[in-house]
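Shown next: input.cif, containing mmCIF, C-alpha atoms.
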```cif
data_model
#
loop_
_atom_site.label_atom_id
_atom_site.label_comp_id
_atom_site.auth_asym_id
_atom_site.auth_seq_id
_atom_site.Cartn_x
_atom_site.Cartn_y
_atom_site.Cartn_z
CA MET A 1 33.77 112.45 31.97
CA ALA A 2 30.83 110.36 33.18
CA ASN A 3 29.68 109.70 29.59
CA ARG A 4 33.20 108.66 28.60
CA ARG A 5 33.29 106.23 31.53
CA ILE A 6 29.99 104.65 30.53
CA SER A 7 31.08 104.39 26.88
CA ASP A 8 34.44 102.88 27.83
CA LEU A 9 32.75 100.43 30.17
CA ASN A 10 30.38 99.25 27.46
CA LYS A 11 33.29 98.76 25.05
CA PHE A 12 35.21 96.86 27.74
CA LEU A 13 32.30 94.52 28.48
CA VAL A 14 31.45 93.86 24.83
CA GLY A 15 35.09 93.56 23.77
CA SER A 16 36.13 91.19 26.49
CA ARG A 17 33.30 88.69 25.91
CA VAL A 18 34.20 87.41 29.37
CA PHE A 19 31.85 87.81 32.31
CA ALA A 20 31.66 86.50 35.85
CA SER A 21 28.63 84.42 36.69
CA ARG A 22 25.96 86.64 38.22
CA THR A 23 23.12 84.20 38.71
CA TYR A 24 22.23 82.02 41.64
CA SER A 25 21.09 78.53 40.71
CA SER A 26 17.74 77.37 42.07
CA ALA A 27 18.82 75.42 45.15
CA VAL A 28 17.11 72.11 45.81
CA LYS A 29 19.14 70.82 48.77
CA GLU A 30 22.15 71.48 50.96
CA MET A 31 25.49 69.69 50.93
CA THR A 32 28.66 70.03 52.98
CA VAL A 33 31.90 70.94 51.24
CA ARG A 34 33.28 67.58 52.44
CA ASP A 35 30.50 65.65 50.72
CA ALA A 36 30.80 67.81 47.61
CA LEU A 37 34.49 66.94 47.25
CA ASN A 38 33.86 63.28 48.03
CA SER A 39 31.06 62.98 45.46
CA ALA A 40 33.13 64.75 42.80
CA LEU A 41 36.02 62.32 43.32
CA ASP A 42 33.66 59.33 43.29
CA GLU A 43 31.95 60.38 40.07
CA GLU A 44 35.18 61.17 38.24
CA MET A 45 36.74 57.85 39.31
CA SER A 46 33.61 56.06 38.13
CA ALA A 47 33.62 57.88 34.79
CA ASP A 48 37.33 57.48 34.01
CA PRO A 49 39.38 54.42 35.06
CA LYS A 50 42.59 56.45 34.62
CA VAL A 51 41.72 58.58 37.68
CA PHE A 52 43.24 57.41 40.96
CA VAL A 53 43.84 58.88 44.42
CA MET A 54 47.11 58.73 46.33
CA GLY A 55 48.27 60.15 49.65
CA GLU A 56 48.65 59.59 53.37
CA GLU A 57 45.67 57.84 55.02
CA VAL A 58 43.41 58.24 51.97
CA GLY A 59 42.45 54.55 51.98
CA GLU A 60 42.10 52.54 55.18
CA TYR A 61 41.51 55.64 57.31
CA GLN A 62 39.29 57.15 54.56
CA GLY A 63 41.16 60.44 54.56
CA ALA A 64 42.40 62.64 57.38
CA TYR A 65 39.29 64.81 56.77
CA LYS A 66 37.16 61.97 55.32
CA ILE A 67 37.21 63.44 51.80
CA THR A 68 38.01 59.98 50.39
CA LYS A 69 35.43 58.15 52.53
CA GLY A 70 34.16 54.96 50.88
CA LEU A 71 36.46 55.12 47.87
CA LEU A 72 38.80 52.28 48.91
CA THR A 73 35.88 49.88 49.31
CA LYS A 74 34.43 50.89 45.95
CA TYR A 75 37.58 51.12 43.81
CA GLY A 76 40.17 49.00 45.60
CA PRO A 77 43.79 49.57 46.68
CA GLN A 78 45.12 49.97 43.13
CA ARG A 79 43.14 53.20 42.69
CA VAL A 80 43.05 54.45 46.29
CA ILE A 81 46.66 54.22 47.39
CA ASP A 82 47.87 54.74 50.94
CA THR A 83 51.44 56.04 51.07
CA PRO A 84 54.16 56.41 53.66
CA ILE A 85 54.83 59.87 55.08
CA THR A 86 56.96 60.89 52.12
CA GLU A 87 55.43 63.73 50.10
CA ALA A 88 58.42 64.00 47.76
CA GLY A 89 58.12 60.30 46.96
CA PHE A 90 54.43 59.92 46.24
CA THR A 91 54.20 63.28 44.46
CA GLY A 92 57.00 62.24 42.13
CA ILE A 93 55.28 58.91 41.48
CA GLY A 94 52.07 60.80 40.70
CA VAL A 95 53.79 63.11 38.21
CA GLY A 96 55.38 60.11 36.50
CA ALA A 97 51.99 58.41 36.27
CA ALA A 98 50.54 61.56 34.68
CA TYR A 99 53.37 61.54 32.11
CA HIS A 100 52.06 58.12 31.04
CA GLY A 101 48.45 59.17 30.65
CA LEU A 102 46.93 58.45 34.04
CA ARG A 103 45.09 61.14 36.03
CA PRO A 104 46.39 61.13 39.60
CA VAL A 105 44.76 63.09 42.41
CA ILE A 106 47.46 63.66 45.02
CA GLU A 107 46.23 64.52 48.51
CA PHE A 108 48.38 66.48 50.93
CA MET A 109 47.20 66.19 54.53
CA THR A 110 47.87 69.93 54.59
CA PHE A 111 49.39 72.07 51.86
CA ASN A 112 52.14 73.02 54.28
CA PHE A 113 53.48 69.51 53.66
CA SER A 114 53.56 70.18 49.91
CA MET A 115 56.80 72.07 50.54
CA GLN A 116 58.46 68.66 50.80
CA ALA A 117 57.31 68.01 47.22
CA ILE A 118 57.52 71.48 45.70
CA ASP A 119 60.33 70.48 43.30
CA HIS A 120 58.06 67.89 41.69
CA ILE A 121 55.07 70.24 41.61
CA ILE A 122 56.94 73.09 39.93
CA ASN A 123 59.91 71.57 38.09
CA SER A 124 58.47 68.16 37.17
CA ALA A 125 54.76 68.97 36.69
CA ALA A 126 54.37 72.67 35.82
CA LYS A 127 57.22 72.98 33.32
CA SER A 128 57.14 69.68 31.43
CA ASN A 129 54.54 70.62 28.83
CA TYR A 130 56.48 73.75 27.86
CA MET A 131 59.92 72.10 27.98
CA SER A 132 58.71 69.19 25.82
CA ALA A 133 57.19 71.55 23.21
CA GLY A 134 53.73 70.21 24.06
CA GLN A 135 54.67 66.53 23.74
CA ILE A 136 54.12 65.77 27.44
CA SER A 137 50.84 66.53 29.18
CA VAL A 138 50.66 66.35 32.96
CA PRO A 139 46.99 65.88 33.98
CA ILE A 140 47.44 65.81 37.74
CA VAL A 141 45.63 67.42 40.68
CA PHE A 142 47.34 68.37 43.94
CA ARG A 143 44.64 68.89 46.57
CA GLY A 144 44.25 69.37 50.31
CA PRO A 145 43.54 71.95 53.03
CA ASN A 146 45.28 75.31 52.70
CA GLY A 147 45.63 78.35 54.95
CA ALA A 148 44.92 78.89 58.60
CA ALA A 149 42.90 76.34 60.57
CA ALA A 150 42.79 76.85 64.35
CA GLY A 151 45.59 76.47 66.86
CA VAL A 152 48.04 74.60 64.65
CA GLY A 153 50.89 77.10 64.73
CA ALA A 154 53.08 78.79 62.14
CA GLN A 155 54.23 75.70 60.25
CA HIS A 156 50.68 74.47 59.55
CA SER A 157 48.83 77.73 58.84
CA GLN A 158 50.23 79.17 55.62
CA CYS A 159 48.24 80.15 52.54
CA TYR A 160 49.89 78.93 49.33
CA ALA A 161 47.66 80.72 46.82
CA ALA A 162 50.28 83.36 46.01
CA TRP A 163 53.14 80.83 46.14
CA TYR A 164 51.77 78.52 43.47
CA SER A 165 49.98 81.15 41.38
CA ALA A 166 53.36 82.76 40.68
CA CYS A 167 54.40 79.72 38.65
CA PRO A 168 53.60 79.47 34.90
CA GLY A 169 52.28 76.05 33.98
CA LEU A 170 50.12 75.59 37.07
CA LYS A 171 46.43 76.32 37.50
CA VAL A 172 45.40 77.31 41.02
CA LEU A 173 41.79 76.92 42.21
CA THR A 174 40.25 78.02 45.52
CA PRO A 175 36.68 76.79 46.12
CA TYR A 176 34.40 78.43 48.68
CA SER A 177 30.98 76.74 48.52
CA SER A 178 29.86 73.17 47.90
CA GLU A 179 28.98 74.05 44.30
CA ASP A 180 32.48 75.49 43.88
CA ALA A 181 34.02 72.36 45.37
CA ARG A 182 32.13 69.94 43.10
CA GLY A 183 32.38 71.95 39.92
CA LEU A 184 35.99 73.03 40.25
CA LEU A 185 37.34 69.63 41.38
CA LYS A 186 35.66 67.93 38.44
CA ALA A 187 37.13 70.54 36.10
CA ALA A 188 40.57 70.09 37.68
CA ILE A 189 40.52 66.30 37.26
CA ARG A 190 39.44 66.60 33.62
CA ASP A 191 42.01 69.30 32.82
CA PRO A 192 45.12 68.33 30.79
CA ASP A 193 47.42 70.48 32.95
CA PRO A 194 48.58 70.30 36.58
CA VAL A 195 46.12 71.92 38.98
CA VAL A 196 46.77 73.02 42.56
CA PHE A 197 43.45 72.72 44.38
CA LEU A 198 43.44 74.70 47.62
CA GLU A 199 40.67 73.77 50.04
CA ASN A 200 40.03 75.10 53.55
CA GLU A 201 39.82 72.81 56.57
CA LEU A 202 37.31 75.03 58.37
CA LEU A 203 34.92 74.90 55.40
CA TYR A 204 34.74 71.09 55.14
CA GLY A 205 31.84 70.81 57.58
CA GLU A 206 29.91 73.83 56.32
CA SER A 207 26.70 73.25 54.36
CA PHE A 208 25.71 75.30 51.33
CA PRO A 209 22.67 75.27 49.04
CA ILE A 210 23.40 73.28 45.91
CA SER A 211 21.40 73.18 42.70
CA ALA A 212 20.09 70.19 40.79
CA GLU A 213 22.40 71.20 37.94
CA ALA A 214 25.44 71.00 40.22
CA LEU A 215 24.42 67.52 41.38
CA ASP A 216 24.49 66.16 37.84
CA SER A 217 27.51 63.94 37.20
CA SER A 218 28.41 65.93 34.05
CA PHE A 219 28.55 69.24 35.95
CA SER A 220 31.76 71.26 36.07
CA LEU A 221 32.71 74.91 36.44
CA PRO A 222 35.00 76.76 34.02
CA ILE A 223 38.53 77.34 35.26
CA GLY A 224 39.48 81.01 35.27
CA LYS A 225 35.99 82.41 35.84
CA ALA A 226 34.99 84.34 38.97
CA LYS A 227 31.47 84.49 40.40
CA ILE A 228 29.67 87.57 41.65
CA GLU A 229 28.20 86.30 44.90
CA HIS A 230 26.50 89.58 45.80
CA GLU A 231 25.83 92.48 43.46
CA GLY A 232 26.50 96.05 44.56
CA LYS A 233 27.21 99.52 43.24
CA ASP A 234 29.39 101.34 45.79
CA VAL A 235 32.48 99.14 46.25
CA THR A 236 33.97 95.89 44.93
CA ILE A 237 35.27 93.29 47.41
CA THR A 238 37.35 90.43 46.00
CA ALA A 239 37.94 87.31 48.10
CA PHE A 240 38.58 83.59 47.80
CA SER A 241 38.08 80.46 49.88
CA LYS A 242 36.91 81.11 53.47
CA MET A 243 37.28 84.87 53.05
CA VAL A 244 34.31 84.91 50.65
CA GLY A 245 32.05 84.12 53.60
CA TYR A 246 33.62 86.93 55.60
CA ALA A 247 33.14 89.34 52.69
CA LEU A 248 29.46 88.38 52.40
CA LYS A 249 28.95 88.95 56.14
CA ALA A 250 30.65 92.33 55.81
CA ALA A 251 28.36 93.18 52.88
CA GLU A 252 25.31 92.45 55.06
CA ILE A 253 26.57 94.79 57.78
CA LEU A 254 27.45 97.50 55.27
CA ALA A 255 24.02 97.29 53.62
CA LYS A 256 22.44 98.33 56.91
CA GLU A 257 24.56 101.47 56.78
CA GLY A 258 23.62 102.30 53.21
CA ILE A 259 26.75 100.94 51.47
CA SER A 260 26.12 98.54 48.58
CA ALA A 261 29.06 96.12 48.24
CA GLU A 262 29.70 93.81 45.29
CA VAL A 263 31.39 90.59 46.44
CA ILE A 264 33.45 88.63 43.91
CA ASN A 265 34.33 85.02 44.66
CA LEU A 266 37.53 84.60 42.64
CA ARG A 267 37.33 80.77 42.49
CA SER A 268 40.44 80.71 40.30
CA ILE A 269 43.71 82.44 41.27
CA ARG A 270 45.62 81.33 38.18
CA PRO A 271 44.23 82.08 35.68
CA LEU A 272 42.76 85.15 37.35
CA ASP A 273 39.49 86.57 36.00
CA ARG A 274 40.87 90.06 35.37
CA PRO A 275 38.01 91.12 33.05
CA ALA A 276 35.39 90.37 35.73
CA ILE A 277 37.34 92.23 38.42
CA ASN A 278 37.96 95.27 36.24
CA ALA A 279 34.36 95.37 35.01
CA SER A 280 33.16 95.45 38.60
CA VAL A 281 35.62 98.17 39.60
CA ARG A 282 34.60 100.24 36.59
CA LYS A 283 31.05 100.06 37.92
CA THR A 284 31.69 100.66 41.65
CA ASN A 285 34.85 102.83 41.37
CA ARG A 286 36.30 101.36 44.59
CA LEU A 287 38.14 98.16 45.49
CA VAL A 288 38.93 96.20 48.65
CA THR A 289 40.84 92.91 48.30
CA VAL A 290 40.68 90.24 51.02
CA GLU A 291 42.95 87.24 51.59
CA GLU A 292 44.41 85.22 54.46
CA GLY A 293 47.93 85.16 53.08
CA PHE A 294 50.87 87.45 53.72
CA PRO A 295 50.67 91.01 52.33
CA GLN A 296 53.91 91.09 50.36
CA HIS A 297 53.56 89.74 46.80
CA GLY A 298 50.07 88.49 47.62
CA VAL A 299 47.01 87.78 45.48
CA GLY A 300 45.59 91.17 46.43
CA ALA A 301 48.76 92.87 45.22
CA GLU A 302 48.35 91.25 41.81
CA ILE A 303 44.71 92.34 41.65
CA CYS A 304 45.73 95.89 42.57
CA ALA A 305 48.30 95.91 39.77
CA SER A 306 45.70 94.70 37.26
CA VAL A 307 43.19 97.37 38.27
CA VAL A 308 45.78 100.15 38.27
CA GLU A 309 46.98 99.09 34.82
CA GLU A 310 43.54 98.65 33.26
CA SER A 311 41.06 100.78 35.22
CA PHE A 312 43.02 103.45 37.10
CA GLU A 313 40.94 106.36 35.80
CA TYR A 314 37.78 104.75 37.22
CA LEU A 315 39.04 104.68 40.83
CA ASP A 316 37.50 107.23 43.17
CA ALA A 317 39.55 106.13 46.20
CA PRO A 318 42.82 104.36 46.97
CA ILE A 319 42.62 100.56 46.87
CA GLU A 320 42.58 98.80 50.27
CA ARG A 321 44.19 95.39 50.85
CA ILE A 322 43.08 93.21 53.77
CA THR A 323 45.57 90.39 54.42
CA GLY A 324 47.00 88.23 57.13
CA ALA A 325 49.59 89.86 59.36
CA ASP A 326 53.17 89.93 58.07
CA VAL A 327 54.34 87.51 60.79
CA PRO A 328 54.51 83.73 61.24
CA MET A 329 51.16 82.54 62.59
CA PRO A 330 51.03 82.79 66.41
CA TYR A 331 49.90 79.73 68.38
CA ALA A 332 48.01 81.58 71.12
CA ALA A 333 44.32 81.89 70.19
CA ASN A 334 44.06 85.60 70.97
CA LEU A 335 47.10 86.42 68.84
CA GLU A 336 46.00 84.07 66.08
CA ARG A 337 42.74 85.99 65.73
CA LEU A 338 44.70 89.23 65.34
CA ALA A 339 46.87 87.67 62.64
CA VAL A 340 44.07 86.74 60.21
CA PRO A 341 41.45 89.02 58.63
CA GLN A 342 38.13 89.42 60.45
CA VAL A 343 34.75 90.65 59.22
CA GLU A 344 35.20 93.93 61.08
CA ASP A 345 38.47 94.56 59.22
CA ILE A 346 36.63 94.35 55.90
CA VAL A 347 33.85 96.64 57.14
CA ARG A 348 36.35 99.27 58.28
CA ALA A 349 38.27 99.11 54.99
CA VAL A 350 35.10 99.55 52.94
CA LYS A 351 34.09 102.54 55.03
CA ARG A 352 37.51 104.08 54.44
CA VAL A 353 37.31 103.78 50.66
CA CYS A 354 33.75 105.13 50.76
CA TYR A 355 34.94 108.04 52.93
CA ARG A 356 32.54 107.02 55.68
CA SER A 357 35.14 106.59 58.40
CA SER A 358 37.91 108.71 59.92
CA LYS A 359 39.96 105.60 60.88
#
```
Any chance you could give the structure as structure tokens?
Amino acid sequence: MANRRISDLNKFLVGSRVFASRTYSSAVKEMTVRDALNSALDEEMSADPKVFVMGEEVGEYQGAYKITKGLLTKYGPQRVIDTPITEAGFTGIGVGAAYHGLRPVIEFMTFNFSMQAIDHIINSAAKSNYMSAGQISVPIVFRGPNGAAAGVGAQHSQCYAAWYSACPGLKVLTPYSSEDARGLLKAAIRDPDPVVFLENELLYGESFPISAEALDSSFSLPIGKAKIEHEGKDVTITAFSKMVGYALKAAEILAKEGISAEVINLRSIRPLDRPAINASVRKTNRLVTVEEGFPQHGVGAEICASVVEESFEYLDAPIERITGADVPMPYAANLERLAVPQVEDIVRAVKRVCYRSSK
């Protein structure tokens, strides 16, 4: 049985020709996620005059989170466009501009407000290429903070990764580090299709090592490719956005107890790097998925389905899903903490699948 597993795994790896990145770049400096996004926008606007930014307070105020700082002064009000508080309006204008060959970057002050514009995102942007038999391309990026922040209540704390990744025609990206933010935003702006770019407000001020390669203006990361942030042999942990950091902290704790965890930073939710996930599970034989969103029909559920369909015989334990609670986000700080995944939740789940805990 063991020999068959090894043989099947080798065939899977060679046949797929698709691998997650396993190498860490040689870091030369640190950069915040905010500066990474800002520099990516600046460089893409400088390289391509068809790229422009539009949204609430992106110009005079330099962005609600200062992602667009300095761009109005450099590129002027025709390319950095302040809008009224009307997401349906400026999103529709952006889609129309993309129909005509421009490359809009639409900023939502929070992705919760994208619900006002969801008809344009899904019906106008995502479906037009298919419905026009490829005659209409829609090179547009919808970006902004996604998921829970802190103390902003149920209407401002939702994760939209599962929402938008359910829709054919959209690409959905979820950066974690500064290198992710630069490389994925550049790839999104250059892509011929509509991209939903889900950032995290609590990561904007965090600094990460960044390589000289990632600081080059030509740098970009491939859409649809995950990254193995930490190699391991006992269990696979998949995560995206802020939860990658939690998974890495959990891996550190688990290492002290003799459990070697492999942490996969998904980076891309649609397309999902199924070959990388399954290759890891075929090596570790266990899986824990982590996300902030609701449990029902979540990203973790899709990953579970993929692993059960493609690698079921390699599993040595039931899959564990760590998600947000199946309730609207509470406002009270103590309840809010209980409603989103914590590092200790990941540690306990890993111990369960490794049969190291009775809970």
Could you tell me which residues the PyMOL selection byres ((chain A and resi 128) around 12) grabs in this file, written as a ChimeraX atom specification? /A:95-96,98-99,120-127,129-139,168-170,193-194
Create the file for the chosen residues now, containing C-alpha atoms and written as a PDB file, keeping the file's coordinate frame.
```pdb
ATOM      1  CA  VAL A  95      53.790  63.110  38.210  1.00  0.00           C
ATOM      2  CA  GLY A  96      55.380  60.110  36.500  1.00  0.00           C
ATOM      3  CA  ALA A  98      50.540  61.560  34.680  1.00  0.00           C
ATOM      4  CA  TYR A  99      53.370  61.540  32.110  1.00  0.00           C
ATOM      5  CA  HIS A 120      58.060  67.890  41.690  1.00  0.00           C
ATOM      6  CA  ILE A 121      55.070  70.240  41.610  1.00  0.00           C
ATOM      7  CA  ILE A 122      56.940  73.090  39.930  1.00  0.00           C
ATOM      8  CA  ASN A 123      59.910  71.570  38.090  1.00  0.00           C
ATOM      9  CA  SER A 124      58.470  68.160  37.170  1.00  0.00           C
ATOM     10  CA  ALA A 125      54.760  68.970  36.690  1.00  0.00           C
ATOM     11  CA  ALA A 126      54.370  72.670  35.820  1.00  0.00           C
ATOM     12  CA  LYS A 127      57.220  72.980  33.320  1.00  0.00           C
ATOM     13  CA  ASN A 129      54.540  70.620  28.830  1.00  0.00           C
ATOM     14  CA  TYR A 130      56.480  73.750  27.860  1.00  0.00           C
ATOM     15  CA  MET A 131      59.920  72.100  27.980  1.00  0.00           C
ATOM     16  CA  SER A 132      58.710  69.190  25.820  1.00  0.00           C
ATOM     17  CA  ALA A 133      57.190  71.550  23.210  1.00  0.00           C
ATOM     18  CA  GLY A 134      53.730  70.210  24.060  1.00  0.00           C
ATOM     19  CA  GLN A 135      54.670  66.530  23.740  1.00  0.00           C
ATOM     20  CA  ILE A 136      54.120  65.770  27.440  1.00  0.00           C
ATOM     21  CA  SER A 137      50.840  66.530  29.180  1.00  0.00           C
ATOM     22  CA  VAL A 138      50.660  66.350  32.960  1.00  0.00           C
ATOM     23  CA  PRO A 139      46.990  65.880  33.980  1.00  0.00           C
ATOM     24  CA  PRO A 168      53.600  79.470  34.900  1.00  0.00           C
ATOM     25  CA  GLY A 169      52.280  76.050  33.980  1.00  0.00           C
ATOM     26  CA  LEU A 170      50.120  75.590  37.070  1.00  0.00           C
ATOM     27  CA  ASP A 193      47.420  70.480  32.950  1.00  0.00           C
ATOM     28  CA  PRO A 194      48.580  70.300  36.580  1.00  0.00           C
TER      29      PRO A 194
END
```
Given the file shown, enumerate the residues that the PyMOL selection byres ((chain A and resi 337-341) around 8) captures and present them as a ChimeraX atom specification. /A:290-292,322-325,327,329-330,333-336,342-343,345-346
Check what the PyMOL selection byres ((chain A and resi 60-65) around 10) selects in the file above and give those residues as a list in words.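 Residues picked by the PyMOL selection byres ((chain A and resi 60-65) around 10): Arg34, Gly55, Glu56, Glu57, Val58, Gly59, Lys66, Ile67, Thr68, Lys69, Gly70, Leu71, Leu72, Thr73, Pro77, Val80, Ile81, Asp82, Glu107, Phe108, Met109, Thr110, Gly144, Pro145, Glu201, Tyr204 and Gly205 of chain A.
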Proximity to Lys242 in chain A - best of A:Arg348, A:Arg267, A:Arg143, A:Lys171, all atoms listed in the file: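 Under the stated criterion, the closest residue is A:Arg267.
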Please indicate the distance in Å from CA of Lys227 in chain A to CA of Asp316 in chain A, rounded to one decimal place.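 Separation between CA of Lys227 in chain A and CA of Asp316 in chain A: 23.7 Å.
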What is the CA of Cys167 in chain A-CA of Val299 in chain A distance in Å, reported with one decimal?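 Going from CA of Cys167 in chain A over to CA of Val299 in chain A, I get 12.9 Å.
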Calculated over all atoms listed in the file, which of the candidates A:Ser280, A:Thr289, A:Ser357, A:Gln296 has the smallest distance to Ser311 in chain A? A:Ser280
What's around Ala162 in chain A at 12 Å? Count all atoms listed in the file, leave out sequence neighbours fewer than 6 positions away in its own chain, and write the answer as an mmCIF file with C-alpha atoms, in the coordinates of the input.
```cif
data_model
loop_
_atom_site.group_PDB
_atom_site.id
_atom_site.type_symbol
_atom_site.label_atom_id
_atom_site.label_comp_id
_atom_site.auth_asym_id
_atom_site.auth_seq_id
_atom_site.Cartn_x
_atom_site.Cartn_y
_atom_site.Cartn_z
ATOM 1 C CA ASN A 146 45.280 75.310 52.700
ATOM 2 C CA GLY A 147 45.630 78.350 54.950
ATOM 3 C CA LEU A 170 50.120 75.590 37.070
ATOM 4 C CA LYS A 171 46.430 76.320 37.500
ATOM 5 C CA VAL A 172 45.400 77.310 41.020
ATOM 6 C CA LEU A 173 41.790 76.920 42.210
ATOM 7 C CA THR A 174 40.250 78.020 45.520
ATOM 8 C CA VAL A 196 46.770 73.020 42.560
ATOM 9 C CA LEU A 198 43.440 74.700 47.620
ATOM 10 C CA PHE A 240 38.580 83.590 47.800
ATOM 11 C CA SER A 268 40.440 80.710 40.300
ATOM 12 C CA ILE A 269 43.710 82.440 41.270
ATOM 13 C CA ARG A 270 45.620 81.330 38.180
ATOM 14 C CA LEU A 272 42.760 85.150 37.350
ATOM 15 C CA GLU A 291 42.950 87.240 51.590
ATOM 16 C CA GLU A 292 44.410 85.220 54.460
ATOM 17 C CA GLY A 293 47.930 85.160 53.080
ATOM 18 C CA PHE A 294 50.870 87.450 53.720
ATOM 19 C CA PRO A 295 50.670 91.010 52.330
ATOM 20 C CA GLN A 296 53.910 91.090 50.360
ATOM 21 C CA HIS A 297 53.560 89.740 46.800
ATOM 22 C CA GLY A 298 50.070 88.490 47.620
ATOM 23 C CA VAL A 299 47.010 87.780 45.480
ATOM 24 C CA GLY A 300 45.590 91.170 46.430
ATOM 25 C CA ALA A 301 48.760 92.870 45.220
ATOM 26 C CA GLU A 302 48.350 91.250 41.810
ATOM 27 C CA ILE A 303 44.710 92.340 41.650
ATOM 28 C CA THR A 323 45.570 90.390 54.420
#
```
Would you list the contacts of Ser46 in chain A as a ChimeraX atom specification, taking every protein, DNA or RNA residue within 12 Å and counting only C-alpha atoms, but skipping same-chain residues closer than 4 positions in sequence? /A:39-42,50-52,71,74-75,79,217-218
To one decimal in Å, tell me the separation between CA of Ala276 in chain A and CA of Ile264 in chain A.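 Separation between CA of Ala276 in chain A and CA of Ile264 in chain A: 8.6 Å.
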With distances taken over all atoms listed in the file, which residue among A:Ala36, A:Ile140, A:Ala349, A:Val105 lies nearest Asp180 in chain A?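 Closest to Asp180 in chain A of all the choices is A:Ala36.
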Which is closest to Leu254 in chain A among A:Ala166, A:Ala212, A:Cys354, A:Val281, if we use all atoms listed in the file?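 Result for the nearest residue to Leu254 in chain A: A:Cys354.
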